[in-house]
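Data file: my_file_8.cif. Format and content: mmCIF, C-alpha atoms and all ligand atoms.
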```
data_query
#
loop_
_atom_site.label_atom_id
_atom_site.label_comp_id
_atom_site.auth_asym_id
_atom_site.auth_seq_id
_atom_site.Cartn_x
_atom_site.Cartn_y
_atom_site.Cartn_z
CA MET Q 2 59.54 16.83 68.89
CA ASN Q 3 60.47 14.17 66.40
CA PHE Q 4 62.46 11.03 67.29
CA ALA Q 5 64.67 11.71 64.24
CA THR Q 6 66.27 14.61 66.13
CA LEU Q 7 67.86 12.04 68.47
CA PRO Q 8 71.17 10.28 67.69
CA LEU Q 9 69.46 6.88 67.29
CA SER Q 10 70.40 4.08 64.92
CA PRO Q 11 68.44 3.84 61.65
CA GLN Q 12 67.12 0.51 62.91
CA MET Q 13 65.74 2.04 66.11
CA LEU Q 14 64.12 4.89 64.17
CA GLN Q 15 62.56 2.34 61.85
CA THR Q 16 61.23 0.37 64.82
CA ILE Q 17 59.73 3.49 66.39
CA GLU Q 18 58.04 4.32 63.09
CA SER Q 19 56.70 0.79 62.79
CA LEU Q 20 55.13 1.13 66.25
CA GLY Q 21 53.30 4.24 65.04
CA TYR Q 22 55.05 6.60 67.46
CA LYS Q 23 55.03 9.87 65.51
CA GLU Q 24 56.31 12.27 68.14
CA MET Q 25 58.02 11.96 71.49
CA THR Q 26 55.75 12.35 74.48
CA PRO Q 27 56.75 15.23 76.82
CA ILE Q 28 58.61 12.93 79.24
CA GLN Q 29 60.47 11.32 76.33
CA ALA Q 30 61.40 14.70 74.80
CA GLN Q 31 62.72 15.94 78.13
CA SER Q 32 64.59 12.81 79.19
CA LEU Q 33 65.81 10.96 76.08
CA PRO Q 34 68.59 13.34 74.99
CA SER Q 35 70.20 13.03 78.45
CA ILE Q 36 69.50 9.30 78.75
CA LEU Q 37 71.26 8.71 75.42
CA GLU Q 38 74.23 10.71 76.72
CA GLY Q 39 74.45 8.31 79.64
CA ARG Q 40 73.25 10.67 82.36
CA ASP Q 41 71.37 9.59 85.45
CA ILE Q 42 67.84 10.94 85.56
CA ILE Q 43 64.98 11.02 87.99
CA ALA Q 44 61.73 11.50 86.12
CA GLN Q 45 58.20 12.08 87.26
CA ALA Q 46 55.26 11.81 84.89
CA LYS Q 47 51.72 10.56 85.10
CA THR Q 48 50.59 7.09 84.05
CA GLY Q 49 50.36 6.49 80.33
CA SER Q 50 52.93 9.12 79.40
CA GLY Q 51 55.38 6.75 77.73
CA LYS Q 52 57.95 6.23 80.47
CA THR Q 53 58.72 2.67 79.35
CA ALA Q 54 59.84 3.75 75.89
CA ALA Q 55 61.89 6.58 77.45
CA PHE Q 56 64.10 4.15 79.38
CA GLY Q 57 63.65 1.30 76.87
CA ILE Q 58 65.03 3.25 73.92
CA GLY Q 59 67.87 4.37 76.20
CA LEU Q 60 68.91 0.95 77.42
CA LEU Q 61 68.66 -0.60 73.94
CA HIS Q 62 70.85 2.24 72.62
CA HIS Q 63 73.61 1.33 75.08
CA LEU Q 64 73.35 -2.43 74.61
CA ASN Q 65 76.10 -4.47 73.02
CA VAL Q 66 74.19 -7.36 71.44
CA LYS Q 67 77.35 -9.33 70.77
CA LYS Q 68 78.16 -9.44 74.46
CA PHE Q 69 76.10 -12.23 76.03
CA ARG Q 70 75.95 -10.73 79.50
CA VAL Q 71 73.22 -8.94 81.43
CA GLN Q 72 73.70 -5.26 80.65
CA SER Q 73 70.37 -3.79 81.81
CA LEU Q 74 68.17 -4.48 84.81
CA VAL Q 75 64.69 -3.01 85.16
CA LEU Q 76 63.10 -3.37 88.59
CA CYS Q 77 59.30 -3.13 88.80
CA PRO Q 78 56.93 -3.39 91.79
CA THR Q 79 54.73 -6.24 90.52
CA ARG Q 80 54.75 -9.20 88.18
CA GLU Q 81 52.05 -7.58 86.03
CA LEU Q 82 54.10 -4.41 85.57
CA ALA Q 83 57.25 -6.39 84.85
CA ASP Q 84 55.30 -8.32 82.22
CA GLN Q 85 54.08 -5.10 80.58
CA VAL Q 86 57.57 -3.61 80.56
CA ALA Q 87 59.09 -6.78 79.10
CA LYS Q 88 56.44 -6.75 76.34
CA GLU Q 89 57.13 -3.11 75.48
CA LEU Q 90 60.89 -3.75 75.43
CA ARG Q 91 60.35 -6.72 73.10
CA ARG Q 92 58.34 -4.46 70.79
CA LEU Q 93 61.18 -1.93 70.80
CA ALA Q 94 63.66 -4.73 70.02
CA ARG Q 95 61.41 -6.37 67.41
CA PHE Q 96 63.92 -6.01 64.55
CA GLN Q 97 66.85 -7.22 66.65
CA HIS Q 98 66.00 -10.88 67.02
CA ASN Q 99 69.20 -11.70 68.85
CA ILE Q 100 68.41 -9.50 71.87
CA LYS Q 101 67.29 -11.63 74.77
CA ILE Q 102 64.95 -10.14 77.36
CA LEU Q 103 64.06 -12.20 80.42
CA MET Q 104 61.36 -11.58 83.00
CA LEU Q 105 62.05 -12.70 86.58
CA SER Q 106 59.25 -12.37 89.10
CA GLY Q 107 57.77 -14.29 91.95
CA GLY Q 108 54.79 -16.53 91.31
CA GLU Q 109 56.75 -18.35 88.63
CA SER Q 110 58.81 -21.50 88.80
CA PHE Q 111 62.28 -20.68 90.15
CA GLY Q 112 63.66 -23.79 88.45
CA ARG Q 113 62.39 -22.75 85.05
CA GLN Q 114 63.93 -19.31 85.56
CA LEU Q 115 67.24 -21.03 86.37
CA GLY Q 116 67.03 -22.82 83.04
CA SER Q 117 66.38 -19.59 81.15
CA LEU Q 118 69.23 -17.82 82.95
CA ALA Q 119 71.63 -20.57 81.98
CA HIS Q 120 71.20 -19.44 78.36
CA GLN Q 121 72.15 -15.84 79.19
CA ALA Q 122 70.11 -12.69 78.68
CA HIS Q 123 70.94 -9.11 77.74
CA ILE Q 124 68.12 -7.48 79.67
CA ILE Q 125 66.40 -8.57 82.88
CA VAL Q 126 63.02 -7.18 83.92
CA GLY Q 127 61.90 -8.27 87.34
CA THR Q 128 60.61 -7.72 90.81
CA PRO Q 129 63.15 -6.94 93.57
CA GLY Q 130 62.52 -10.08 95.67
CA ARG Q 131 62.97 -12.61 92.89
CA VAL Q 132 65.91 -10.80 91.32
CA LEU Q 133 67.63 -10.77 94.72
CA LYS Q 134 66.97 -14.47 95.19
CA HIS Q 135 68.76 -15.22 91.91
CA LEU Q 136 71.65 -12.95 92.88
CA ASN Q 137 72.03 -14.67 96.25
CA LYS Q 138 71.97 -18.10 94.61
CA GLU Q 139 74.47 -16.90 92.00
CA SER Q 140 72.17 -17.82 89.12
CA LEU Q 141 72.27 -14.15 88.10
CA GLU Q 142 75.42 -12.13 87.72
CA LEU Q 143 75.41 -8.37 87.17
CA SER Q 144 79.06 -7.36 86.95
CA ASN Q 145 78.52 -6.20 83.33
CA LEU Q 146 75.48 -4.09 84.11
CA ASN Q 147 75.51 -0.64 82.54
CA THR Q 148 71.91 0.49 83.00
CA LEU Q 149 69.80 0.12 86.14
CA VAL Q 150 66.17 1.23 85.96
CA PHE Q 151 63.70 1.68 88.78
CA ASP Q 152 60.23 1.79 87.26
CA GLU Q 153 57.38 3.00 89.47
CA ALA Q 154 59.92 3.59 92.22
CA ASP Q 155 57.32 5.20 94.49
CA ARG Q 156 55.20 2.05 94.41
CA MET Q 157 58.20 -0.14 95.14
CA LEU Q 158 58.89 1.94 98.25
CA ASP Q 159 55.20 1.87 99.27
CA MET Q 160 55.27 -1.90 98.97
CA GLY Q 161 58.25 -2.09 101.33
CA PHE Q 162 60.90 -3.19 98.83
CA ILE Q 163 63.61 -0.89 100.17
CA GLU Q 164 65.66 -3.66 101.79
CA GLU Q 165 65.61 -5.84 98.68
CA ILE Q 166 66.58 -2.82 96.57
CA GLU Q 167 69.50 -1.99 98.87
CA SER Q 168 70.65 -5.61 98.67
CA VAL Q 169 70.43 -5.69 94.86
CA LEU Q 170 72.55 -2.52 94.73
CA ALA Q 171 75.41 -4.39 96.40
CA PHE Q 172 75.61 -6.67 93.32
CA VAL Q 173 75.79 -3.99 90.61
CA PRO Q 174 78.79 -1.96 89.44
CA LYS Q 175 79.21 1.53 90.92
CA GLU Q 176 79.99 2.80 87.44
CA ARG Q 177 76.58 2.62 85.78
CA GLN Q 178 73.64 4.67 84.55
CA THR Q 179 70.72 4.76 86.99
CA LEU Q 180 67.28 5.83 85.78
CA LEU Q 181 64.52 6.37 88.30
CA PHE Q 182 60.88 6.75 87.25
CA SER Q 183 58.01 7.60 89.49
CA ALA Q 184 54.42 8.81 89.20
CA THR Q 185 54.89 10.89 92.34
CA TYR Q 186 57.82 12.91 93.57
CA ASP Q 187 58.25 13.18 97.28
CA ASP Q 188 61.00 13.46 99.86
CA GLU Q 189 61.57 9.73 100.15
CA ILE Q 190 62.19 9.38 96.40
CA LEU Q 191 64.51 12.39 96.42
CA GLN Q 192 66.53 10.92 99.30
CA ILE Q 193 66.91 7.59 97.47
CA SER Q 194 67.91 9.41 94.31
CA LYS Q 195 70.66 11.26 96.19
CA ARG Q 196 72.00 8.01 97.58
CA ILE Q 197 71.96 5.83 94.48
CA GLN Q 198 72.32 8.29 91.61
CA ASN Q 199 75.13 10.47 90.42
CA ASN Q 200 74.29 14.11 89.64
CA ALA Q 201 70.83 13.10 88.39
CA LEU Q 202 68.93 15.34 86.03
CA HIS Q 203 65.45 16.07 87.40
CA VAL Q 204 62.68 15.81 84.83
CA LYS Q 205 59.15 16.73 85.79
CA THR Q 206 56.19 16.94 83.47
CA ALA Q 207 52.72 18.28 84.29
CA ALA Q 208 51.54 17.08 87.69
CA GLN Q 209 49.07 14.27 87.98
CA GLU Q 210 45.43 15.36 87.92
P1 LIG B 1 53.77 4.92 81.60
O1 LIG B 1 54.79 3.92 82.01
O2 LIG B 1 54.28 6.32 81.58
O3 LIG B 1 52.49 4.81 82.39
P2 LIG B 1 53.74 3.46 79.12
O4 LIG B 1 55.20 3.44 78.95
O5 LIG B 1 53.09 2.21 79.57
O6 LIG B 1 53.32 4.64 80.10
O7 LIG B 1 53.09 3.96 77.73
C1 LIG B 1 51.70 4.08 77.53
C2 LIG B 1 51.36 3.76 76.07
O8 LIG B 1 51.88 4.76 75.20
C3 LIG B 1 51.92 2.44 75.61
O9 LIG B 1 50.91 1.74 74.91
C4 LIG B 1 53.05 2.84 74.65
O10 LIG B 1 53.23 1.88 73.64
C5 LIG B 1 52.55 4.16 74.10
N1 LIG B 1 53.61 5.12 73.67
C6 LIG B 1 54.83 5.29 74.23
N2 LIG B 1 55.52 6.26 73.60
C7 LIG B 1 54.72 6.72 72.62
C8 LIG B 1 54.85 7.75 71.61
N3 LIG B 1 55.96 8.50 71.50
N4 LIG B 1 53.81 7.96 70.76
C9 LIG B 1 52.69 7.22 70.88
N5 LIG B 1 52.49 6.24 71.79
C10 LIG B 1 53.48 6.00 72.66
MG MG B 2 55.05 2.53 83.40
#
```
Represent the structure contained in this file as structure tokens.
Amino acid sequence: MNFATLPLSPQMLQTIESLGYKEMTPIQAQSLPSILEGRDIIAQAKTGSGKTAAFGIGLLHHLNVKKFRVQSLVLCPTRELADQVAKELRRLARFQHNIKILMLSGGESFGRQLGSLAHQAHIIVGTPGRVLKHLNKESLELSNLNTLVFDEADRMLDMGFIEEIESVLAFVPKERQTLLFSATYDDEILQISKRIQNNALHVKTAAQE
């Protein structure tokens, strides 16, 4: 399945080509058409299957660069994962120099993050605890959010982030697209999906070996 079959901008297709992505991975082929339509999805696929580009291409597609407000939030379980996701998103936005992507995780100076937030960002990638801290201190404002992504949702639950996640949800608009990615697919994830997503499409690729 070729990326050109998707209703993407010429610039995005050019970026994808420049990254050397020839074909969509199975998770991308199964989820991207619905993500681009704005549907909620819950997707399960093994590590290394290209989940970041699946939600990254989606959130960049829905982004209004001229609007200097946070429009996408990606929550990740650890600083390392948030870093990787931010890097991949920057690669996907490499020809759109005016898109600002900010990483917010613990283990970094809160004050420096305050400074970066003062200059606005379009996309925030972060860990639940630090993102919540900024929301509580009103240094982060999410009333213009249109895409909320939970990456490695199963790990976030395993690490006990449920309370922080519930609290973050109180700060985001009800009208939004919610994308949930997980390497595993169990009852707990399905329950969360039912609570926080709206008629989510279930996408499952070959089970993990
Ligand atoms: P996951 O989150 O599913 O574990 P990643 O999103 O980190 O996987 O992707 C793994 C690697 O595959 C990354 O290096 C990414 O750049 C690359 N990749 C993503 N999509 C494609 C594609 N369509 N073709 C080739 N490589 C891809
Ligand atoms: Mg990943």
Q: Name all residues at most 8 Å from Phe56 of chain Q (count all atoms listed in the file; drop same-chain ones fewer than 3 positions away) and give them as a ChimeraX atom specification.
A: /Q:33,36,52-53,59-60,150,180
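For the pair atom CA of Ser50 of chain Q and atom CA of Asp84 of chain Q, the interatomic distance is 17.8 Å.
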Quick one: residues within 12 Å of ligand MG 2 (chain B), with only C-alpha atoms and all ligand atoms, as a PDB file with C-alpha atoms, keeping the file's coordinate frame?
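Dumped everything to part_27.pdb:
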```pdb
ATOM      1  CA  ILE Q  28      58.610  12.930  79.240  1.00  0.00           C
ATOM      2  CA  ALA Q  44      61.730  11.500  86.120  1.00  0.00           C
ATOM      3  CA  GLN Q  45      58.200  12.080  87.260  1.00  0.00           C
ATOM      4  CA  ALA Q  46      55.260  11.810  84.890  1.00  0.00           C
ATOM      5  CA  LYS Q  47      51.720  10.560  85.100  1.00  0.00           C
ATOM      6  CA  THR Q  48      50.590   7.090  84.050  1.00  0.00           C
ATOM      7  CA  GLY Q  49      50.360   6.490  80.330  1.00  0.00           C
ATOM      8  CA  SER Q  50      52.930   9.120  79.400  1.00  0.00           C
ATOM      9  CA  GLY Q  51      55.380   6.750  77.730  1.00  0.00           C
ATOM     10  CA  LYS Q  52      57.950   6.230  80.470  1.00  0.00           C
ATOM     11  CA  THR Q  53      58.720   2.670  79.350  1.00  0.00           C
ATOM     12  CA  ALA Q  54      59.840   3.750  75.890  1.00  0.00           C
ATOM     13  CA  ALA Q  55      61.890   6.580  77.450  1.00  0.00           C
ATOM     14  CA  PHE Q  56      64.100   4.150  79.380  1.00  0.00           C
ATOM     15  CA  GLY Q  57      63.650   1.300  76.870  1.00  0.00           C
ATOM     16  CA  VAL Q  75      64.690  -3.010  85.160  1.00  0.00           C
ATOM     17  CA  LEU Q  76      63.100  -3.370  88.590  1.00  0.00           C
ATOM     18  CA  CYS Q  77      59.300  -3.130  88.800  1.00  0.00           C
ATOM     19  CA  PRO Q  78      56.930  -3.390  91.790  1.00  0.00           C
ATOM     20  CA  THR Q  79      54.730  -6.240  90.520  1.00  0.00           C
ATOM     21  CA  GLU Q  81      52.050  -7.580  86.030  1.00  0.00           C
ATOM     22  CA  LEU Q  82      54.100  -4.410  85.570  1.00  0.00           C
ATOM     23  CA  ALA Q  83      57.250  -6.390  84.850  1.00  0.00           C
ATOM     24  CA  ASP Q  84      55.300  -8.320  82.220  1.00  0.00           C
ATOM     25  CA  GLN Q  85      54.080  -5.100  80.580  1.00  0.00           C
ATOM     26  CA  VAL Q  86      57.570  -3.610  80.560  1.00  0.00           C
ATOM     27  CA  ALA Q  87      59.090  -6.780  79.100  1.00  0.00           C
ATOM     28  CA  LYS Q  88      56.440  -6.750  76.340  1.00  0.00           C
ATOM     29  CA  GLU Q  89      57.130  -3.110  75.480  1.00  0.00           C
ATOM     30  CA  LEU Q  90      60.890  -3.750  75.430  1.00  0.00           C
ATOM     31  CA  VAL Q 150      66.170   1.230  85.960  1.00  0.00           C
ATOM     32  CA  PHE Q 151      63.700   1.680  88.780  1.00  0.00           C
ATOM     33  CA  ASP Q 152      60.230   1.790  87.260  1.00  0.00           C
ATOM     34  CA  GLU Q 153      57.380   3.000  89.470  1.00  0.00           C
ATOM     35  CA  ALA Q 154      59.920   3.590  92.220  1.00  0.00           C
ATOM     36  CA  ASP Q 155      57.320   5.200  94.490  1.00  0.00           C
ATOM     37  CA  ARG Q 156      55.200   2.050  94.410  1.00  0.00           C
ATOM     38  CA  LEU Q 181      64.520   6.370  88.300  1.00  0.00           C
ATOM     39  CA  PHE Q 182      60.880   6.750  87.250  1.00  0.00           C
ATOM     40  CA  SER Q 183      58.010   7.600  89.490  1.00  0.00           C
ATOM     41  CA  ALA Q 184      54.420   8.810  89.200  1.00  0.00           C
TER      42      ALA Q 184
END
```
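Taking only C-alpha atoms into account, Val169 of chain Q lies nearest to Q:Leu133 out of the set Q:Val204, Q:Leu133, Q:Met157, Q:Met25.
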Q: Tell me, as JSON, numbers by chain, which residues lie within 9 Å of Leu9 of chain Q, counting all atoms listed in the file; anything in the same chain fewer than 6 positions away does not count.
A: {"Q": [37, 58, 62]}
Give me segment 32-46 of chain Q with N, CA and C atoms filled in, as a short mmCIF file (atom, residue, chain, number, x, y, z; two decimals), in the coordinates of the input.
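Output saved as out-v5.cif:
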```
data_model
loop_
_atom_site.label_atom_id
_atom_site.label_comp_id
_atom_site.auth_asym_id
_atom_site.auth_seq_id
_atom_site.Cartn_x
_atom_site.Cartn_y
_atom_site.Cartn_z
N SER Q 32 63.61 13.71 78.56
CA SER Q 32 64.59 12.81 79.19
C SER Q 32 65.51 12.12 78.19
N LEU Q 33 65.01 11.80 76.99
CA LEU Q 33 65.81 10.96 76.08
C LEU Q 33 67.17 11.55 75.67
N PRO Q 34 67.25 12.84 75.37
CA PRO Q 34 68.59 13.34 74.99
C PRO Q 34 69.63 13.07 76.08
N SER Q 35 69.26 13.27 77.34
CA SER Q 35 70.20 13.03 78.45
C SER Q 35 70.41 11.54 78.69
N ILE Q 36 69.35 10.74 78.57
CA ILE Q 36 69.50 9.30 78.75
C ILE Q 36 70.49 8.75 77.71
N LEU Q 37 70.36 9.20 76.47
CA LEU Q 37 71.26 8.71 75.42
C LEU Q 37 72.70 9.14 75.66
N GLU Q 38 72.87 10.26 76.37
CA GLU Q 38 74.23 10.71 76.72
C GLU Q 38 74.80 9.94 77.90
N GLY Q 39 73.96 9.12 78.53
CA GLY Q 39 74.45 8.31 79.64
C GLY Q 39 74.23 8.92 81.01
N ARG Q 40 73.47 10.01 81.06
CA ARG Q 40 73.25 10.67 82.36
C ARG Q 40 72.24 9.95 83.22
N ASP Q 41 72.40 10.06 84.53
CA ASP Q 41 71.37 9.59 85.45
C ASP Q 41 70.20 10.57 85.40
N ILE Q 42 68.98 10.03 85.45
CA ILE Q 42 67.84 10.94 85.56
C ILE Q 42 66.84 10.43 86.57
N ILE Q 43 66.14 11.36 87.18
CA ILE Q 43 64.98 11.02 87.99
C ILE Q 43 63.80 11.72 87.33
N ALA Q 44 62.82 10.95 86.92
CA ALA Q 44 61.73 11.50 86.12
C ALA Q 44 60.38 11.20 86.73
N GLN Q 45 59.56 12.22 86.73
CA GLN Q 45 58.20 12.08 87.26
C GLN Q 45 57.22 12.43 86.14
N ALA Q 46 56.29 11.54 85.89
CA ALA Q 46 55.26 11.81 84.89
C ALA Q 46 54.09 10.90 85.17
#
```
